[in-house]
Structures are given as C-alpha cells and as structure tokens.
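Novice: Below you'll find the structure I mean.
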Amino acid sequence: MNALVEIQNLSTYFKSEQGVVKAVDALELRVHEGETVCIVGESGCGKSAAAMSLMRLIPEAVGSIVSGEIWFAGRDLRKVSKEEMRKLRGNELAMIFQEPMSSLNPVLTIGEQIMEPIMEHQGLSKKAAQARAIELIELVGIPRAKEIAKSYPYELSGGMLQRIMIAIAISCNPRLLIADEPTTALDVTIQAQILDLLRKIKDEAQTAILFITHDLGVVAEMADHVVVMYAGKVVEVSPVVELFEEPKHPYTQGLLRSKPVLNQRRAKLYSIPGQVPNPTTLGESCYFHDRCDQCLDICRVKQPPLRDGGDGRKVACWLYEEESVRGQ
Amino acid sequence: MASTVSEVAEVTRPEQVALRSSLWHEAFLRLKKKRLAMVGLVFLLVMAVVCFIGPFFSPYASGKINTAMINKPPSFSHWLGTDSLGRDILTRLMQAGRISLTVGIASMVLSVSIGALLGALAGFYRGWVDQVIMRVADVLMTIPGLPLLFIMGAVLSEWKIPTDYRIYIVMVMLSLIGWPGLARMVRSQMLTLRESEFMQAAEVLGLRDRRKLFFHLLPNLTPLLIVVATLNVGGAILSESVLSYFGLGVVPPTPTWGNMMDAANTLIDFQKRPWLWVPPGIAIFATVISINLLGDGLRDALDPKQKR
C-alpha cells in the first residue's frame with residue numbers, strides 16, 4: 001500500500017547565535033491513509049519542527065529545510081509552488097495547535113472563522129458556508145450551534161475552542177490532519193473528550209492523523225504507529241502495542257519506566273539521568289550515549305543507523321546490530 | 001471536582017452569549033461611563049445637527065449683501081450681528097461649520113485610509129515594501145507641515161483654481177501630510193500581530209494575503225484606528241482654519257470658521273467688533289476640545305486592557 005505521507009531523509013536546520021541547530025535530522029516518516037501516527041519525544045526534540053516542515057511553515061528568517069523529500073499524495077511538497085502549497089493548506093492538509101485560546105482571532109466570530117477555509121477552498125457561497133459552519137459546530141459536539149457561531153472566542157472555554165479548532169481543521173475534509181499537542185493545554189477530562197472526537201473523525205472520514213505529543217498515555221490511546229524522536233533524530237518506529245510491550249531503544253525504555261503506575265506508591269518516580277544535549281554541540285556519537293544505561297564503546301564514536309528489524313519495527317541503536325557491524 | 005466545574009462552565013456560557021450582543025455594545029457601555037467623553041460626543045452631535053440643519057431655518061441663508069445692515073452688533077433680528085457686507089453672522093457660522101466639519105471628516109477618512117493601508121502593507125510584507133513606504137513616510141515627516149501647506153496654497157492661488165474646487169484640494173493636501181504618523185503606528189502593531197498564534201493558524205488555513213490583511217489583521221487595529229481618526233478630525237479642522245485664516249485654504253465668499261476669523265486681522269474689527277471673530281473662534285475651540293475629549297474616552301473604552 002502506498003503511503004499518504006512519505007518523508008525521506010528530511011533535515012531542518014535552525015540558525016542560532018551559538019551555531020546551527022539540527023532541529024530535524026534525517027527524519028524518516030510514513031503515514032498511511034486513515035492511520036494515526038504519533039510522534040513522541042520531549043520538548044525540543046524536533047516534533048513540532050517536523051510538522052512545520054511538512055506544512056512548509058518554517059519561517060525563512062530562522063531556519064530552512066536543507067535536504068530530504070516530503071511526499072504527500074504523490075507530490076513532493078518541497079517542490080510545489082507557494083501558491084499550490086497555499087491551496088493544499090487548510091484543504092488537504094489541516095493542522096490544529098496546542099493553544100486553542102490564542103489560535104483563534106479575537107475580533108472575529110467563531111462562525112466567520114469556520115466559514116473562511118470553506119469559502120476559500122470549496123468555493124461555497126457565504127450562505128452555504130454559514131450553514132456548513134453550523135453543521136460542523138454540531139458535528140464536534142457543541143450544542144446551540146447557531147448562537148455559538150455568533151459568539152467571539154473569548155466567550156468560550158478552552159475545551160470548546162479546541163473543538164472549534166477541530167471543526168475548522170476538518171471543514172474541507174482534509175486527507176491529513178496534523179495535531180500538534182492538541183490536548184496539552186486542556187485539563188484531563190476535556191482531553192479525553194477531544195481525543196474521542198479525533199478518533200471519531202478518523203473512523204468516520206478516514207482522515208490520517210499525525211499526532212504530536214509528549215504524553216505516552218495519549219499515545220497509547222490514539223496511535224496505530226509510534227515514532228520516537230530524540231534530539232532531532234528518529235530512534236524508534238513501532239506499532240503501538242509492540243512498543244508498549246517491548247520497547248527496544250533504551251530511550252523508549254526510559255520513557256516508559258518514568259510513567260507513574262496507578263495503585264502503586266513509589267517513593268520517587270524514575271527519571272532518565274542527565275539532560276537533553278545542547279543541540280549545537282552534537283558530535284558524531286549517538287546523541288543519547290551519555291544518558292544511556294546500556295552504553296557501548298561504539299556509541300561514543302559513531303551514530304547508529306535506523307535499522308529495519310523486519311517485523312515492522314525500526315530502531316536506531318547499536319545494541320540491536322550484529323556483533324560484526326559493531327566491531328568495525 | 002475539577003471536571004464537574006468545567007462541565008458546568010461549558011453548559012452555562014452560551015446563555016451569557018445570547019444576552020450580550022457584541023464587543024461594540026460593551027465598548028459603548030464603557031464609553032457611557034466617561035462623563036467628559038459623553039459631553040464631547042453630545043456637543044459634537046448638537047454642533048453637527050445645528051450646522052447642517054440650521055441654515056434651512058435662517059432667513060439670511062442666501063448670503064445676500066445688505067448695505068443697510070453693515071457691521072451691526074447682535075440684535076433680535078441678527079442674533080450674532082452682521083459682518084462688513086451686512087450678512088448674518090449666525091447663518092454664516094452654521095454654513096462655515098458644515099464646511100469645516102466636512103473638511104475635517106473627509107481629510108481624516110482619507111489620511112486614515114492611506115496611513116492604515118500603507119502601514120499595514122509595510123508591516124505585513126516587510127522587506128523592500130516596508131523600506132519604500134517607511135522612507136517616504138520619513139521624508140514627509142521631515143517637511144514642516146505648515147510652510148508646505150502655505151506653499152501649496154500659494155501655488156493654488158497662482159494657478160487660479162476655482163474656489164469651489166479648492167476645498168477638495170485642501171482636504172487632499174491635509175491628508176497627504178497627515179498619514180505618516182499613523183502609518184508608523186499601524187506598521188509596528190502589524191509586526192507584532194503577524195507573529196501571533198492566530199495568524200499562524202490562519203496561515204495553516206491557506207488563506208490569501210488579501211484576506212489575511214483585511215479580514216484578520218486590520219480589524220484587530222480598529223480601536224487604534226478609531227482613536228487616531230477621532231483626534232485627526234480635530235487636527236484637520238485646526239489646519240483648515242489656519243489655512244483659511246491666511247487666505248490660502250477656502251476663500252470667501254464660501255465661509256469657513258478659519259476665514260471668518262480673518263476679521264480679527266483688522267485692528268478696528270478686532271477692538272470694536274468682537275462679534276465678527278469671537279463666535280467662529282469659540283466654535284473652533286469648542287469643537288476641537290470636544291473631539292479630543294471624545295478621542296480620549298474612546299481610547300479608554302476600546303482598550304481591553306483597561307477593562308475593570
């Protein structure tokens with residue numbers, strides 16, 4: 001089966017005063033039609049930069065995509081014109097953000113903001129767009145849609161606003177929905193409702209979802225496939241069940257161990273020792289080597305490649321390489 | 001507990017939405033509490049109504065010269081007296097008010113449109129567009145306004161432009177030198193706004209630049225524009241008065257508050273016939289003060305940060 005999104009060897013670098021930051025380093029990513037792929041990793045590991053690269057929204061002043069291909073439905077997004085890209089955004093490619101409170105324009109009504117992409121991309125008249133907007137508000141589970149359409153963002157709660165953001169995102173039936181930590185700013189019950197809503201959309205419209213999060217609980221609930229990132233690199237790719245049952249990369253193992261377990265009282269929660277490395281001073285070593293509890297000699301001098309294990313899982317770690325390769 | 005509280009909040013909010021009509025309504029309520037601003041607003045409304053409707057009730061509206069009634073002090077038939085050509089001062093004052101207010105508002109609309117548009121373009125596109133617009137603005141700001149207007153006024157007299165057209169040219173002149181200040185303000189606001197999260201969200205929707213600029217960004221500047229626009233009207237009325245006073249703007253027989261003040265130029269009129277120049281002076285003074293009071297009130301009422 002051909003993938004809807006296929007990212008090959010994508011690198012996005014940011015320029016900073018201390019030097020070049022490799023925010024995304026040789027990223028490989030595949031999302032199939034109707035599938036949910038989660039990108040997990042801690043803050044600053046390049047999750048959002050990867051999503052922004054896919055949308056071609058990396059501000060030119062601070063960074064750029066330096067290499068790689070981004071295939072979306074048979075087109076290389078790095079090669080399409082700005083105008084074509086604009087027509088794709090909001091239409092076939094949609095995105096929702098972390099902060100629903102500040103992602104809506106404070107001076108426009110909810111209805112107006114939902115109508116906009118519909119009028120722009122589907123060429124509907126104002127009246128038809130209005131009707132569709134009200135339909136969408138109902139679809140995302142907000143009662144009294146007509147009144148809500150006339151209200152301003154500051155009049156709604158965070159959970160409702162995130163539903164509105166989702167309504168805007170799905171208004172043109174996108175093929176891919178990128179969700180950049182959509183539940184991080186919301187409390188837990190609202191988070192569960194939003195996740196339910198996203199799952200419903202995925203099931204009904206067969207929308208592929210690229211879900212970015214740092215919350216493993218959310219991953220377990222949402223993902224079909226999981227991509228674990230560390231310092232701009234993919235360290236492990238795996239179907240969700242296998243990842244939770246048997247994490248391969250020491251970083252993934254550490255992440256899973258640092259989750260609290262219900263009904264178990266422990267004096268101190270496990271945490272991975274050390275800190276995320278400074279992104280400007282990364283050398284040739286495995287980026288995780290100084291925090292790894294299973295570090296080998298080769299880890300300090302050479303980066304492990306992302307190797308396909310044959311069982312649908314990929315891992316970038318010397319522990320899983322043949323002795324002969326390691327010895328080189 | 002937290003869950004039930006937020007659930008309740010989600011359910012009750014829509015009712016409040018229905019009660020409140022809009023942001024504007026709320027701003028108006030806040031404005032109503034500012035007494036001085038309301039005094040200004042009421043005075044301006046009264047002034048506008050009197051100026052635009054008053055002349056219809058005046059028996060002297062034709063402005064005919066009456067040699068028997070030259071320079072008469074206020075009386076029952078001429079409430080504010082008559083001028084050197086026997087015309088009724090009150091009637092002329094109202095007719096002048098029409099022109100002064102129209103010039104003020106029209107040149108405000110023009111200069112605010114130019115300023116907002118150019119400032120918005122500069123802030124939105126940055127790069128060379130920004131450079132060109134802002135350098136032109138810088139140059140315009142280095143030219144002292146009054147001498148420039150004098151020169152332009154003199155040129156207009158030289159070219160023998162018909163008096164009826166001069167008023168339009170005065171409006172255009174005033175707005176052409178009035179826009180750079182606003183353009184700078186709009187540009188700086190635009191630079192902040194274009195980086196905001198909701199603009200990133202708009203970018204993701206694949207909207208056209210035109211749409212982003214006029215539908216998403218400029219409405220965010222409405223409070224700023226309204227305040228500047230109000231204060232600009234006062235400025236434009238003053239400039240027009242100054243020009244007309246020096247005989248460079250609107251010229252007689254068309255009356256404006258400025259050229260009526262011209263009477264104060266003659267020593268005898270100044271000392272012995274105050275009814276010739278005091279009424280237009282008071283009209284200018286009171287109108288501009290009211291506009292400034294209203295502008296200040298609007299600034300407070302429209303500024304969401306001052307919400308109490």
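In the structure tokens, chains take the letters A, B, ... in the order shown, each chain's residues start at 1, and ligands count up from 1 in the order shown.
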DSSP says helix (DSSP H, G or I) for which residues of range 117-156 of chain A? Put them as a list in words?

Specialist: Pro117, Ile118, Met119, Glu120, His121, Gln122, Lys126, Lys127, Ala128, Ala129, Gln130, Ala131, Arg132, Ala133, Ile134, Glu135, Leu136, Ile137, Glu138, Leu139, Ala145, Lys146, Glu147, Ile148, Ala149, Lys150, Pro153, Tyr154 and Glu155 of chain A

Novice: Keeping C-alpha atoms for every residue in the selection just given, could you write it to a file as a PDB file, in the first residue's frame?

Specialist:
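Now in part23.pdb:
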```pdb
ATOM      1  CA  PRO A 117     -11.469  27.929   4.611  1.00  0.00           C
ATOM      2  CA  ILE A 118     -14.784  26.607   3.288  1.00  0.00           C
ATOM      3  CA  MET A 119     -15.303  29.690   1.150  1.00  0.00           C
ATOM      4  CA  GLU A 120     -11.654  29.787   0.124  1.00  0.00           C
ATOM      5  CA  HIS A 121     -11.120  26.159  -0.825  1.00  0.00           C
ATOM      6  CA  GLN A 122     -14.543  24.832  -1.703  1.00  0.00           C
ATOM      7  CA  LYS A 126     -21.487  32.858   2.126  1.00  0.00           C
ATOM      8  CA  LYS A 127     -24.877  31.392   2.908  1.00  0.00           C
ATOM      9  CA  ALA A 128     -23.889  27.819   2.168  1.00  0.00           C
ATOM     10  CA  ALA A 129     -20.688  28.241   4.161  1.00  0.00           C
ATOM     11  CA  GLN A 130     -22.705  29.548   7.081  1.00  0.00           C
ATOM     12  CA  ALA A 131     -24.946  26.507   7.047  1.00  0.00           C
ATOM     13  CA  ARG A 132     -21.913  24.237   6.792  1.00  0.00           C
ATOM     14  CA  ALA A 133     -20.245  26.043   9.730  1.00  0.00           C
ATOM     15  CA  ILE A 134     -23.252  25.404  11.932  1.00  0.00           C
ATOM     16  CA  GLU A 135     -23.258  21.763  10.836  1.00  0.00           C
ATOM     17  CA  LEU A 136     -19.584  21.489  11.759  1.00  0.00           C
ATOM     18  CA  ILE A 137     -20.105  23.036  15.190  1.00  0.00           C
ATOM     19  CA  GLU A 138     -22.777  20.426  15.856  1.00  0.00           C
ATOM     20  CA  LEU A 139     -20.518  17.710  14.488  1.00  0.00           C
ATOM     21  CA  ALA A 145     -24.529  25.841  17.299  1.00  0.00           C
ATOM     22  CA  LYS A 146     -26.321  28.900  15.928  1.00  0.00           C
ATOM     23  CA  GLU A 147     -25.574  31.001  18.998  1.00  0.00           C
ATOM     24  CA  ILE A 148     -22.014  29.741  19.229  1.00  0.00           C
ATOM     25  CA  ALA A 149     -21.408  30.731  15.620  1.00  0.00           C
ATOM     26  CA  LYS A 150     -22.238  34.322  16.529  1.00  0.00           C
ATOM     27  CA  PRO A 153     -13.545  33.328  21.059  1.00  0.00           C
ATOM     28  CA  TYR A 154     -13.203  34.947  24.489  1.00  0.00           C
ATOM     29  CA  GLU A 155     -16.724  33.865  25.308  1.00  0.00           C
TER      30      GLU A 155
END
```

Novice: Just want the 8 Å neighbourhood of Gln303 in chain A, counted on only C-alpha atoms, with same-chain residues fewer than 4 positions away dropped. Output as a list in words.

Specialist: Glu284, Ser285, Cys286, Tyr287 and Cys299 of chain A

Novice: Take the residues from that selection and write them out as a short mmCIF file (atom, residue, chain, number, x, y, z; two decimals), in the first residue's frame, keeping C-alpha atoms.

Specialist:
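Resulting contents of result04.cif:
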```cif
data_model
loop_
_atom_site.label_atom_id
_atom_site.label_comp_id
_atom_site.auth_asym_id
_atom_site.auth_seq_id
_atom_site.Cartn_x
_atom_site.Cartn_y
_atom_site.Cartn_z
CA GLU A 284 29.46 12.02 15.80
CA SER A 285 28.37 9.97 18.79
CA CYS A 286 24.94 8.53 19.46
CA TYR A 287 23.09 11.56 20.86
CA CYS A 299 28.08 4.56 20.93
#
```

Novice: Taking into account only C-alpha atoms, which residue in the set B:Phe270, B:Trp179, B:Phe215, B:Phe43 is nearest to Ile289 in chain B?

Specialist: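 With only C-alpha atoms as the atom set, the closest residue is B:Phe43.
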
Novice: Using only C-alpha atoms, find the residues of chain A whose closest atom to chain B is at most 6 Å away, then write them as a PyMOL selection string.

Specialist: chain A and resi 86-87+89-90+102-105

Novice: Do a neighbour search on Asp224 in chain A at 10 Å with only C-alpha atoms, toss out local chain neighbours closer than 4 positions, and write the hits as a list in words.

Specialist: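 These residues fall inside the cut-off: Val31, Gly34, Glu35, Thr36, Val37, Cys38, Ile209, Val219, Ala220, Ser238, Pro239, Val240 and Val241 of chain A.
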
Novice: Store the residues picked out above in a file with C-alpha atoms, as a PDB file, in the first residue's frame.

Specialist:
```
ATOM      1  CA  VAL A  31       1.643   7.833   7.323  1.00  0.00           C
ATOM      2  CA  GLY A  34      -6.729   6.544   7.645  1.00  0.00           C
ATOM      3  CA  GLU A  35      -3.916   5.800  10.084  1.00  0.00           C
ATOM      4  CA  THR A  36      -2.827   7.639  13.197  1.00  0.00           C
ATOM      5  CA  VAL A  37       0.881   8.102  13.667  1.00  0.00           C
ATOM      6  CA  CYS A  38       2.160   9.602  16.892  1.00  0.00           C
ATOM      7  CA  ILE A 209      -3.742  11.886  11.694  1.00  0.00           C
ATOM      8  CA  VAL A 219      -0.052   7.764  22.548  1.00  0.00           C
ATOM      9  CA  ALA A 220      -1.462   4.540  23.964  1.00  0.00           C
ATOM     10  CA  SER A 238       6.964   0.688  16.023  1.00  0.00           C
ATOM     11  CA  PRO A 239       3.304  -0.321  16.049  1.00  0.00           C
ATOM     12  CA  VAL A 240       1.821   0.917  19.300  1.00  0.00           C
ATOM     13  CA  VAL A 241       1.131  -2.401  21.049  1.00  0.00           C
TER      14      VAL A 241
END
```

Novice: Can you pull out every residue within 8 Å of range 78-86 of chain B, counting only C-alpha atoms, but drop anything in the same chain fewer than 5 positions away, and send it as a ChimeraX atom specification?

Specialist: /B:65-73,275-276,279

Novice: For Asp180 in chain A, which residue among A:Asp76, A:Glu99, A:Glu69, A:Glu17 is the nearest when counting only C-alpha atoms?

Specialist: A:Glu99

Novice: Determine, counting only C-alpha atoms, which protein, DNA and RNA residues have an atom within 7 Å of an atom of range 97-107 of chain B; residues of the same chain fewer than 3 positions away are not included. Present the result as a PDB file with N, CA and C atoms, in the first residue's frame.

Specialist:
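Generated file (around36.pdb):
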```pdb
ATOM      1  N   CYS B  51     -25.380  72.834  12.456  1.00  0.00           N
ATOM      2  CA  CYS B  51     -24.702  73.311  11.255  1.00  0.00           C
ATOM      3  C   CYS B  51     -25.384  72.826   9.984  1.00  0.00           C
ATOM      4  N   PHE B  52     -25.817  71.555   9.998  1.00  0.00           N
ATOM      5  CA  PHE B  52     -26.346  71.012   8.765  1.00  0.00           C
ATOM      6  C   PHE B  52     -27.819  71.340   8.557  1.00  0.00           C
ATOM      7  N   LEU B  93     -21.929  81.325  10.270  1.00  0.00           N
ATOM      8  CA  LEU B  93     -21.233  80.437  11.194  1.00  0.00           C
ATOM      9  C   LEU B  93     -21.681  78.988  10.981  1.00  0.00           C
ATOM     10  N   MET B  94     -23.002  78.825  10.773  1.00  0.00           N
ATOM     11  CA  MET B  94     -23.512  77.464  10.590  1.00  0.00           C
ATOM     12  C   MET B  94     -23.065  76.899   9.251  1.00  0.00           C
ATOM     13  N   LEU B 110      -9.578  60.154   4.522  1.00  0.00           N
ATOM     14  CA  LEU B 110      -8.540  59.942   3.519  1.00  0.00           C
ATOM     15  C   LEU B 110      -7.194  59.617   4.168  1.00  0.00           C
ATOM     16  N   SER B 111      -6.815  60.410   5.183  1.00  0.00           N
ATOM     17  CA  SER B 111      -5.473  60.186   5.749  1.00  0.00           C
ATOM     18  C   SER B 111      -5.428  58.893   6.555  1.00  0.00           C
ATOM     19  N   MET B 171      -8.584  69.393   1.367  1.00  0.00           N
ATOM     20  CA  MET B 171      -8.750  68.095   2.041  1.00  0.00           C
ATOM     21  C   MET B 171      -7.612  67.146   1.665  1.00  0.00           C
ATOM     22  N   VAL B 172      -7.351  67.058   0.371  1.00  0.00           N
ATOM     23  CA  VAL B 172      -6.321  66.126  -0.089  1.00  0.00           C
ATOM     24  C   VAL B 172      -4.955  66.521   0.469  1.00  0.00           C
ATOM     25  N   LEU B 174      -4.278  68.155   3.226  1.00  0.00           N
ATOM     26  CA  LEU B 174      -4.193  67.846   4.649  1.00  0.00           C
ATOM     27  C   LEU B 174      -3.936  66.363   4.870  1.00  0.00           C
ATOM     28  N   SER B 175      -4.595  65.518   4.072  1.00  0.00           N
ATOM     29  CA  SER B 175      -4.409  64.084   4.319  1.00  0.00           C
ATOM     30  C   SER B 175      -3.069  63.594   3.814  1.00  0.00           C
ATOM     31  N   VAL B 233      -9.570  64.334  13.193  1.00  0.00           N
ATOM     32  CA  VAL B 233     -10.604  65.274  12.755  1.00  0.00           C
ATOM     33  C   VAL B 233     -10.324  66.635  13.362  1.00  0.00           C
ATOM     34  N   GLY B 234     -10.011  66.648  14.657  1.00  0.00           N
ATOM     35  CA  GLY B 234      -9.688  67.901  15.328  1.00  0.00           C
ATOM     36  C   GLY B 234      -8.509  68.584  14.671  1.00  0.00           C
ATOM     37  N   ALA B 236      -7.383  68.234  11.654  1.00  0.00           N
ATOM     38  CA  ALA B 236      -7.685  68.699  10.298  1.00  0.00           C
ATOM     39  C   ALA B 236      -8.510  69.977  10.336  1.00  0.00           C
ATOM     40  N   ILE B 237      -9.459  70.066  11.297  1.00  0.00           N
ATOM     41  CA  ILE B 237     -10.262  71.292  11.404  1.00  0.00           C
ATOM     42  C   ILE B 237      -9.353  72.474  11.728  1.00  0.00           C
ATOM     43  N   THR B 256     -15.799  79.693   6.053  1.00  0.00           N
ATOM     44  CA  THR B 256     -15.364  78.638   6.971  1.00  0.00           C
ATOM     45  C   THR B 256     -15.002  79.337   8.267  1.00  0.00           C
ATOM     46  N   TRP B 257     -14.866  78.556   9.328  1.00  0.00           N
ATOM     47  CA  TRP B 257     -14.540  79.179  10.615  1.00  0.00           C
ATOM     48  C   TRP B 257     -13.211  79.916  10.510  1.00  0.00           C
TER      49      TRP B 257
END
```
